[in-house]
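Please read the structure below before turning to the comments.
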Amino acid sequence: MDLDIQCEEISPSRWAELLSTMKSCKTIRLDDCNLSRSNCEDLCSVISTNPSLTELKLNNNELGDAGIECLCKGLLMPSCSLQTLWLQNCNLTSASCETLCSVLSAQPSLTDLHIGGNKLGTAGLKVLCQGMMNPNCKLQKLQLEYCELTADTVEALNPALQSKPTLKELQLSNNTLGDTAVKQLCRGLVEASCNLELLHLENCGITSDSCREISALLSNKSSLVDLSVGDNKIGDSGMALLCQGLMHPNCKIQKLWLWDCDLTSASCKDLSRLISTKETLKEISLQDNNLRDSGMEMLCEALKDPRCKLQELWVRECGLTTACCKAISSALSMNKHLKILYMGENKLGDAGAELICEGLLHPNCNLQFLCLGNCDLTAASCATFATIMTTKQSLTELDLSYNPLNDEGVRKLCEAVRNPSCYVQHLILYDIYWSSEVHEEMRALEESKPEVKIIS
């Protein structure tokens, strides 16, 4: 039995009712419910008396250090079997780390700890690392995003990571680590015995200077399948270094996020080689990089390679125009594996959309989700999209948000939804103007076809 409540102001009487339910729950999720220290006292009792409870999620509640101290009394009980604890954005400071350190040292059942969005600081993390180094600690997943960590953190973190063969996921995004610390971290992870699967270092002040060490980590840790270094100024020179590790036979990368990394079309030659030959690669995000049409055309050649197994591609806001859409269409007509394509925030226009739809209609194309939000589309392209919606069986989600489709275009899309042959289940139309008449027509349509969700 699970309890899942989000964004609800819980009254005292309602809380009393929920407490009796919690005593038999396996999972309790109470995100953004305005909980406080007094609630933590009750939850402490639930944790200590419900041995079947394995996951507790309390994100976005003002629990504070005093609340966590109460909560952890329950976590320290021998009867506690909790495996996953979420405390993101709970107004914790370094003071909470003493308590959490005790839990890590004493509770081997706890494998997943999510404490991002709290001002733990380097001092707090150093205390937490002491708990991680205890042999009783069997931590597998550690999330520390937005924790005000600095370069000094890694000096304490590396010994803890090297002592933890169980560790599989480490998230350090949105902390001001810098190149020196990231290089030190990567060297430590190469030496560590853990089979790290996920490493997130978004917005950590990384430049091309760190990329040789990240590359070495990729070529040495075949377990690493998910790497995110988005929102760092890596540049084309850094990308070239990363690709050396990514192309190594030992590297088994599956998910690679490189959004807003100051990449240009110059990186697309290496990226194309990666996409076409790295058969483990399933998802890549290149959004918010200035790849332009020439870069996209190179990527499309890679998508046509029979060895390419990519399933999800993000090229949102990459400076693309109608000029690259013929290449995209050709790639869609030849690639059987691509399922999800994000192309929003590019000036493709109606002519570009027409070309893309030609590729979509090819029998080889198995695309399930297409995002063309804010792509300078008008009502003129909606007849083609209506055809796609009623003929392309694989396409179940279509996002045309932020385009001036107006009444004429929206009506054409609604006609497609009304058609018994419509395969699209989610039609996303954020921030599109239509009249009150069309609004009423859409409401009637939603009532008559509740299986199709028009999200606006």
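Chain identifiers are assigned as A, B, and so on, following the order in which chains appear in the structure tokens; residues are numbered from 1 within each chain, and ligands are numbered from 1 in order of appearance.
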
Which of range 222-254 of chain A DSSP labels strand (DSSP E or B), written as number ranges by chain = A: 226-228, 233

Export of the given selection (all heavy atoms) as a compact mmCIF listing (two decimals), in the first residue's frame:
```txt
# COMPACT_ATOMS: atom_id res chain seq x y z
N ASP A 226 25.37 6.79 -17.59
CA ASP A 226 24.60 8.03 -17.59
C ASP A 226 25.51 9.17 -17.14
O ASP A 226 25.91 9.23 -15.98
CB ASP A 226 23.40 7.88 -16.65
CG ASP A 226 22.47 9.09 -16.65
OD1 ASP A 226 22.93 10.20 -16.97
OD2 ASP A 226 21.28 8.94 -16.30
N LEU A 227 25.86 10.07 -18.07
CA LEU A 227 26.73 11.21 -17.76
C LEU A 227 26.04 12.49 -18.19
O LEU A 227 25.60 12.64 -19.33
CB LEU A 227 28.06 11.09 -18.50
CG LEU A 227 29.02 12.29 -18.33
CD1 LEU A 227 29.50 12.42 -16.90
CD2 LEU A 227 30.20 12.18 -19.30
N SER A 228 25.95 13.45 -17.27
CA SER A 228 25.37 14.75 -17.57
C SER A 228 26.35 15.83 -17.17
O SER A 228 26.69 15.96 -15.99
CB SER A 228 24.04 14.93 -16.83
OG SER A 228 23.46 16.16 -17.20
N LYS A 233 30.89 25.27 -19.67
CA LYS A 233 31.54 25.86 -20.85
C LYS A 233 32.65 24.93 -21.37
O LYS A 233 33.84 25.26 -21.32
CB LYS A 233 32.09 27.25 -20.53
CG LYS A 233 31.04 28.20 -19.94
CD LYS A 233 29.86 28.39 -20.86
CE LYS A 233 28.79 29.27 -20.25
NZ LYS A 233 27.53 29.27 -21.04
```

Assign secondary structure with DSSP using the backbone only, and return the residues of range 256-407 of chain A in helix (DSSP H, G or I) as a PyMOL selection string.
-> chain A and resi 265-277+292-303+322-334+349-360+379-391+406-407

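Closest to Leu92 in chain A among A:Leu377, A:Leu198, A:Leu75, A:Ile115 is A:Ile115, based on only C-alpha atoms.
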
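Excluding Lys269 in chain A itself and any same-chain residue fewer than 6 positions from it, the protein and nucleic acid residues within 8 Å of it, counting only C-alpha atoms, are A:Gly295, A:Met298, A:Leu299.
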
If you count only C-alpha atoms, which residues fall within 10 Å of Ala216 in chain A, apart from same-chain ones fewer than 2 positions away, as number ranges by chain?
-> A: 186-187, 190, 211-214, 218-221, 241-242, 244-246, 248, 251

Which residue out of A:Glu148, A:Glu345, A:Glu408, A:Glu358 has the minimum interatomic distance to Thr122 in chain A when only C-alpha atoms are used?
-> A:Glu148

For range 176-179 of chain A, please output as an MDAnalysis selection string all residues within 10 Å (counting only C-alpha atoms; exclusion window: fewer than 2 positions along the same chain).
-> chainID A and resid 146:154 172:174 181:185 201 203:211 213 232

Just-selected residues, N, CA and C atoms written as a PDB file, in the first residue's frame:
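File produced: selection08.pdb:
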```pdb
ATOM      1  N   TYR A 146      22.559  21.496  -5.685  1.00  0.00           N
ATOM      2  CA  TYR A 146      22.213  22.766  -5.014  1.00  0.00           C
ATOM      3  C   TYR A 146      22.457  22.694  -3.498  1.00  0.00           C
ATOM      4  N   CYS A 147      23.622  22.230  -3.103  1.00  0.00           N
ATOM      5  CA  CYS A 147      23.936  22.119  -1.670  1.00  0.00           C
ATOM      6  C   CYS A 147      25.029  23.079  -1.226  1.00  0.00           C
ATOM      7  N   GLU A 148      25.347  24.060  -2.089  1.00  0.00           N
ATOM      8  CA  GLU A 148      26.373  25.072  -1.789  1.00  0.00           C
ATOM      9  C   GLU A 148      27.729  24.428  -1.494  1.00  0.00           C
ATOM     10  N   LEU A 149      28.050  23.408  -2.269  1.00  0.00           N
ATOM     11  CA  LEU A 149      29.341  22.751  -2.143  1.00  0.00           C
ATOM     12  C   LEU A 149      30.384  23.503  -2.963  1.00  0.00           C
ATOM     13  N   THR A 150      31.618  23.452  -2.516  1.00  0.00           N
ATOM     14  CA  THR A 150      32.711  24.140  -3.205  1.00  0.00           C
ATOM     15  C   THR A 150      33.827  23.141  -3.513  1.00  0.00           C
ATOM     16  N   ALA A 151      34.909  23.655  -4.072  1.00  0.00           N
ATOM     17  CA  ALA A 151      36.028  22.793  -4.474  1.00  0.00           C
ATOM     18  C   ALA A 151      36.592  21.988  -3.313  1.00  0.00           C
ATOM     19  N   ASP A 152      36.564  22.558  -2.112  1.00  0.00           N
ATOM     20  CA  ASP A 152      37.120  21.865  -0.939  1.00  0.00           C
ATOM     21  C   ASP A 152      36.373  20.572  -0.616  1.00  0.00           C
ATOM     22  N   THR A 153      35.155  20.459  -1.113  1.00  0.00           N
ATOM     23  CA  THR A 153      34.320  19.294  -0.816  1.00  0.00           C
ATOM     24  C   THR A 153      34.976  17.995  -1.251  1.00  0.00           C
ATOM     25  N   VAL A 154      35.623  18.027  -2.414  1.00  0.00           N
ATOM     26  CA  VAL A 154      36.116  16.791  -3.032  1.00  0.00           C
ATOM     27  C   VAL A 154      37.191  16.114  -2.186  1.00  0.00           C
ATOM     28  N   LEU A 172      25.937  15.763  -8.337  1.00  0.00           N
ATOM     29  CA  LEU A 172      26.572  16.934  -7.730  1.00  0.00           C
ATOM     30  C   LEU A 172      26.288  18.218  -8.512  1.00  0.00           C
ATOM     31  N   SER A 173      25.299  18.193  -9.374  1.00  0.00           N
ATOM     32  CA  SER A 173      25.015  19.343 -10.228  1.00  0.00           C
ATOM     33  C   SER A 173      24.700  20.597  -9.426  1.00  0.00           C
ATOM     34  N   ASN A 174      24.967  21.746 -10.060  1.00  0.00           N
ATOM     35  CA  ASN A 174      24.632  23.058  -9.489  1.00  0.00           C
ATOM     36  C   ASN A 174      25.347  23.341  -8.169  1.00  0.00           C
ATOM     37  N   ALA A 181      38.623  20.685  -8.774  1.00  0.00           N
ATOM     38  CA  ALA A 181      37.888  19.706  -7.972  1.00  0.00           C
ATOM     39  C   ALA A 181      37.320  18.580  -8.832  1.00  0.00           C
ATOM     40  N   VAL A 182      36.808  18.926 -10.004  1.00  0.00           N
ATOM     41  CA  VAL A 182      36.229  17.898 -10.884  1.00  0.00           C
ATOM     42  C   VAL A 182      37.310  16.944 -11.371  1.00  0.00           C
ATOM     43  N   LYS A 183      38.472  17.467 -11.676  1.00  0.00           N
ATOM     44  CA  LYS A 183      39.584  16.585 -12.082  1.00  0.00           C
ATOM     45  C   LYS A 183      39.965  15.648 -10.942  1.00  0.00           C
ATOM     46  N   GLN A 184      40.027  16.195  -9.744  1.00  0.00           N
ATOM     47  CA  GLN A 184      40.346  15.386  -8.556  1.00  0.00           C
ATOM     48  C   GLN A 184      39.277  14.315  -8.324  1.00  0.00           C
ATOM     49  N   LEU A 185      38.020  14.699  -8.500  1.00  0.00           N
ATOM     50  CA  LEU A 185      36.907  13.770  -8.334  1.00  0.00           C
ATOM     51  C   LEU A 185      36.999  12.621  -9.334  1.00  0.00           C
ATOM     52  N   LEU A 201      27.029  16.288 -13.303  1.00  0.00           N
ATOM     53  CA  LEU A 201      27.886  17.431 -12.954  1.00  0.00           C
ATOM     54  C   LEU A 201      27.447  18.680 -13.719  1.00  0.00           C
ATOM     55  N   ASN A 203      26.287  22.393 -14.503  1.00  0.00           N
ATOM     56  CA  ASN A 203      26.527  23.705 -13.894  1.00  0.00           C
ATOM     57  C   ASN A 203      27.472  23.608 -12.696  1.00  0.00           C
ATOM     58  N   CYS A 204      28.635  23.037 -12.937  1.00  0.00           N
ATOM     59  CA  CYS A 204      29.647  22.888 -11.877  1.00  0.00           C
ATOM     60  C   CYS A 204      30.909  23.680 -12.182  1.00  0.00           C
ATOM     61  N   GLY A 205      30.836  24.617 -13.122  1.00  0.00           N
ATOM     62  CA  GLY A 205      32.013  25.422 -13.442  1.00  0.00           C
ATOM     63  C   GLY A 205      33.077  24.656 -14.199  1.00  0.00           C
ATOM     64  N   ILE A 206      32.664  23.698 -15.005  1.00  0.00           N
ATOM     65  CA  ILE A 206      33.604  22.882 -15.773  1.00  0.00           C
ATOM     66  C   ILE A 206      33.931  23.567 -17.093  1.00  0.00           C
ATOM     67  N   THR A 207      35.202  23.507 -17.495  1.00  0.00           N
ATOM     68  CA  THR A 207      35.624  23.978 -18.813  1.00  0.00           C
ATOM     69  C   THR A 207      36.317  22.812 -19.533  1.00  0.00           C
ATOM     70  N   SER A 208      36.908  23.098 -20.670  1.00  0.00           N
ATOM     71  CA  SER A 208      37.627  22.049 -21.415  1.00  0.00           C
ATOM     72  C   SER A 208      38.775  21.473 -20.599  1.00  0.00           C
ATOM     73  N   ASP A 209      39.233  22.225 -19.585  1.00  0.00           N
ATOM     74  CA  ASP A 209      40.365  21.800 -18.762  1.00  0.00           C
ATOM     75  C   ASP A 209      40.077  20.510 -18.001  1.00  0.00           C
ATOM     76  N   SER A 210      38.795  20.233 -17.708  1.00  0.00           N
ATOM     77  CA  SER A 210      38.429  19.015 -16.967  1.00  0.00           C
ATOM     78  C   SER A 210      38.176  17.817 -17.869  1.00  0.00           C
ATOM     79  N   CYS A 211      38.075  18.055 -19.157  1.00  0.00           N
ATOM     80  CA  CYS A 211      37.523  17.022 -20.042  1.00  0.00           C
ATOM     81  C   CYS A 211      38.446  15.826 -20.244  1.00  0.00           C
ATOM     82  N   GLU A 213      40.204  14.398 -17.872  1.00  0.00           N
ATOM     83  CA  GLU A 213      39.950  13.508 -16.729  1.00  0.00           C
ATOM     84  C   GLU A 213      38.571  12.843 -16.827  1.00  0.00           C
ATOM     85  N   ASN A 232      27.832  23.692 -18.787  1.00  0.00           N
ATOM     86  CA  ASN A 232      29.235  23.942 -18.502  1.00  0.00           C
ATOM     87  C   ASN A 232      29.910  24.402 -19.790  1.00  0.00           C
TER      88      ASN A 232
END
```

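You will find CA of Asp236 in chain A at 14.1 Å from CA of Ser215 in chain A.
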
Would you mind telling me which residue in A:Ile432, A:Ala66, A:Leu263, A:Ile28 lies nearest to Leu82 in chain A when using only C-alpha atoms?
-> A:Ile28

Might you pull out every residue within 12 Å of Ile47 in chain A, with only C-alpha atoms counted and same-chain residues fewer than 2 positions away left off, and present them as a count of residues only?
-> 37

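When only C-alpha atoms are used to compute distances to Leu400 in chain A, the closest of the residues A:Ser222, A:Asn60, A:Asn39, A:Ser456 turns out to be A:Ser456.
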
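Considering the residues A:Leu142, A:Cys243, A:Cys300, A:Val417 and counting only C-alpha atoms, Glu197 in chain A has its shortest atom-to-atom contact with A:Leu142.
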
Per residue of range 374-400 of chain A within 10 Å of range 435-455 of chain A, what are the shortest atom pair and its distance in Å to one decimal, counting only C-alpha atoms, with rows by chain and residue number, as JSON lines?
```
{"residue": "A:Thr396", "atom": "CA", "partner": "A:Val452", "partner_atom": "CA", "distance": 9.6}
{"residue": "A:Glu397", "atom": "CA", "partner": "A:Lys453", "partner_atom": "CA", "distance": 9.6}
{"residue": "A:Leu398", "atom": "CA", "partner": "A:Ile454", "partner_atom": "CA", "distance": 9.9}
{"residue": "A:Asp399", "atom": "CA", "partner": "A:Ile455", "partner_atom": "CA", "distance": 9.2}
```

I need the chosen residues saved as an mmCIF file, in the first residue's frame, with all heavy atoms.
```cif
data_model
loop_
_atom_site.group_PDB
_atom_site.id
_atom_site.type_symbol
_atom_site.label_atom_id
_atom_site.label_comp_id
_atom_site.auth_asym_id
_atom_site.auth_seq_id
_atom_site.Cartn_x
_atom_site.Cartn_y
_atom_site.Cartn_z
ATOM 1 N N THR A 396 2.346 8.974 -30.652
ATOM 2 C CA THR A 396 1.310 9.107 -29.618
ATOM 3 C C THR A 396 1.345 10.459 -28.904
ATOM 4 O O THR A 396 0.393 10.808 -28.210
ATOM 5 C CB THR A 396 1.456 7.989 -28.570
ATOM 6 O OG1 THR A 396 2.773 8.039 -28.013
ATOM 7 C CG2 THR A 396 1.207 6.621 -29.199
ATOM 8 N N GLU A 397 2.435 11.238 -29.063
ATOM 9 C CA GLU A 397 2.526 12.558 -28.435
ATOM 10 C C GLU A 397 3.060 13.582 -29.432
ATOM 11 O O GLU A 397 4.073 13.339 -30.091
ATOM 12 C CB GLU A 397 3.437 12.522 -27.202
ATOM 13 C CG GLU A 397 2.892 11.682 -26.060
ATOM 14 C CD GLU A 397 3.681 11.870 -24.776
ATOM 15 O OE1 GLU A 397 3.898 13.032 -24.394
ATOM 16 O OE2 GLU A 397 4.079 10.865 -24.172
ATOM 17 N N LEU A 398 2.372 14.714 -29.512
ATOM 18 C CA LEU A 398 2.763 15.789 -30.426
ATOM 19 C C LEU A 398 2.684 17.121 -29.687
ATOM 20 O O LEU A 398 1.652 17.479 -29.137
ATOM 21 C CB LEU A 398 1.826 15.798 -31.637
ATOM 22 C CG LEU A 398 2.059 16.889 -32.688
ATOM 23 C CD1 LEU A 398 3.437 16.760 -33.318
ATOM 24 C CD2 LEU A 398 0.974 16.824 -33.769
ATOM 25 N N ASP A 399 3.794 17.849 -29.673
ATOM 26 C CA ASP A 399 3.871 19.145 -28.993
ATOM 27 C C ASP A 399 4.083 20.250 -30.023
ATOM 28 O O ASP A 399 5.133 20.331 -30.666
ATOM 29 C CB ASP A 399 5.024 19.127 -27.986
ATOM 30 C CG ASP A 399 5.050 20.376 -27.112
ATOM 31 O OD1 ASP A 399 4.345 21.342 -27.426
ATOM 32 O OD2 ASP A 399 5.783 20.370 -26.097
#
```

Spatial neighbours of Val315 in chain A, max dist 7 Å, only C-alpha atoms, sep filter under 3 positions, as an MDAnalysis selection string = chainID A and resid 285:287 318 342:343

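One distance worth recording is that between CA of Ser333 in chain A and CA of Glu301 in chain A, which is 11.9 Å.
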
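Across A:Arg411, A:Lys138, A:Lys339, A:His200, the tightest approach to Cys371 in chain A is made by A:Lys339 when counting only C-alpha atoms.
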
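When CA of Asn91 in chain A is paired with CA of Leu104 in chain A, their separation reads 19.9 Å.
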